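Visitor: Quick one: the structure is below, questions incoming.
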Amino acid sequence: MRDDPLMIEVRCNESTMRGANPHLPYSSEEIVREAVRSHDAGAAIIHWHGRDAVTGAPDNSVELYREAEEGIRGATDLITKPTLGYISQSGVEDRVKHVRALADDPRLRFDAVPVDFGSMNIDSWDEEGKRFVPGDGVYVNSRRDIASVLGVFGDLSSFVTTVCWDVGQIRTALCYREMGLAPSTTLWEFVFTGASRPSSAGTNVHALNAMIAEIPPGEPWQLMCYGGDVLPLAALAIVLGGHVSIGLGDHDYARFGTPHNGELVARVAQLAETIGRPVAGPARARELLGMAPLPPA
């Protein structure tokens with residue numbers, strides 16, 4: 001096991017609806033609440049989606065991201081990493097507008113931005129009905145658009161995390177690196193999926209080993225499980241020197257009742273303690289990722 005501390009990311013809401021758990025955040029205030037809970041439990045990074053405060057509908061407006069960023073910055077030193085607007089398929093500028101809008105403010109600029117390196121079918125699988133719902137859901141990331149997004153973030157000097165749903169997307173990301181568009185300093189994000197979201201590999205050791213084998217040796221990586229429980233594979237990631245992302249946005253974790261995001265982060269931190277690997281706070285995580293320190297308030 002490597003000696004590097006474990007970085008834990010909280011994925012607090014995604015596009016998931018609240019359902020039976022009142023802790024899944026919609027409003028900026030609720031996102032900040034979950035940020036504080038997660039920070040106190042051991043998280044170093046927070047990822048979130050802008051949502052309508054009442055309905056929970058996706059909302060990619062700049063002001064919502066500004067509100068959340070101001071609140072998180074005022075209460076924690078978490079590394080902030082918003083979505084690029086999965087809700088928007090209308091073009092590159094609509095996806096990056098919130099990042100661009102805050103880029104000139106040294107205190108409020110986002111610390112990192114995630115870039116997905118491919119397109120995929122994203123429908124839910126209805127096991128009982130034996131059908132995909134809605135049946136035409138596609139998350140589109142054309143290679144031309146990926147190049148454009150990377151160009152914007154290069155101009156803004158943004159830290160890019162490299163999100164890959166399969167081995168082919170890892171290979172694609174390395175091609176963009178050869179083009180000089182994808183940075184060599186990154187955090188690889190391996191996306192696994194649960195039974196309700198069969199868009200990538202399930203949480204098994206063989207799939208994880210295949211993904212690790214494709215990235216350059218020694219580069220940091222983390223895993224997540226969209227639509228499923230990440231904890232079984234998280235234990236292996238901790239042993240192998242990887243990092244872990246968890247949150248109500250990915251899975252309801254109803255086997256624990258109605259947990260808040262901080263409780264989920266605490267479970268990963270407890271795994272690390274049991275295994276004997278220290279947990280990195282935000283400041284140490286910035287060092288591990290080669291980021292500059294957070295500017296003083």
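We name chains A, B, ... following the order of the structure tokens; residues begin at 1 in each chain, and ligands are numbered from 1 as shown.
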Can you tell me, as a PyMOL selection string, what residues are no more than 12 Å from A:Phe117 when counting only C-alpha atoms, ignoring any on the same chain fewer than 2 positions away?
Guide: chain A and resi 114-115+119-120+139-147+149-150+160-177+182+188-191
Visitor: Which residues of stretch 49-138 of chain A have any atom within 7 Å of an atom in stretch 275-291 of chain A when counting only C-alpha atoms, and what is the closest pair of atoms for each, with the distance in Å to one decimal? Order the rows by chain and rising number and write it as a Markdown table.
Guide:
| residue | atom | partner | partner_atom | distance |
| --- | --- | --- | --- | --- |
| A:Asp77 | CA | A:Pro282 | CA | 6.2 |
| A:Leu78 | CA | A:Pro282 | CA | 5.3 |
| A:Ile79 | CA | A:Pro282 | CA | 6.2 |
Visitor: Find the residues around stretch 237-243 of chain A up to 8 Å (only C-alpha atoms counted), leave out those fewer than 6 positions away in its own chain, and share them as a VMD selection string.
Guide: chain A and resid 1 to 4 6 to 8 220 to 223 272 275 277
Visitor: Residues of stretch 81-205 of chain A in strand (DSSP E) according to DSSP, as a VMD selection string?
Guide: chain A and resid 81 to 82 112 to 116 120 to 121 124 to 126 131 to 133 138 to 139 159 to 164 187 to 193
Visitor: Excluding A:Ala41 and residues on its chain fewer than 5 positions from it, collect all residues at most 6 Å away from it, counting only C-alpha atoms, and give them as JSON, numbers by chain.
Guide: {"A": [262, 265, 266]}
Visitor: Go ahead and write the residues just picked, C-alpha atoms, as an mmCIF file, in the first residue's frame.
Guide:
data_model
loop_
_atom_site.group_PDB
_atom_site.id
_atom_site.type_symbol
_atom_site.label_atom_id
_atom_site.label_comp_id
_atom_site.auth_asym_id
_atom_site.auth_seq_id
_atom_site.Cartn_x
_atom_site.Cartn_y
_atom_site.Cartn_z
ATOM 1 C CA GLY A 262 -20.975 13.603 5.686
ATOM 2 C CA VAL A 265 -17.614 10.370 3.713
ATOM 3 C CA ALA A 266 -17.100 9.196 7.288
#
Visitor: Between A:Pro216, A:Pro5, A:Gly151, A:Gly202, which one has atoms that come closest to A:Gly42, using only C-alpha atoms?
Guide: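 Result for the nearest residue to A:Gly42: A:Pro5.
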Visitor: Where does DSSP see helix (DSSP H, G or I) in stretch 13-134 of chain A, if you list the residues as a ChimeraX atom specification?
Guide: /A:28-41,62-75,92-102
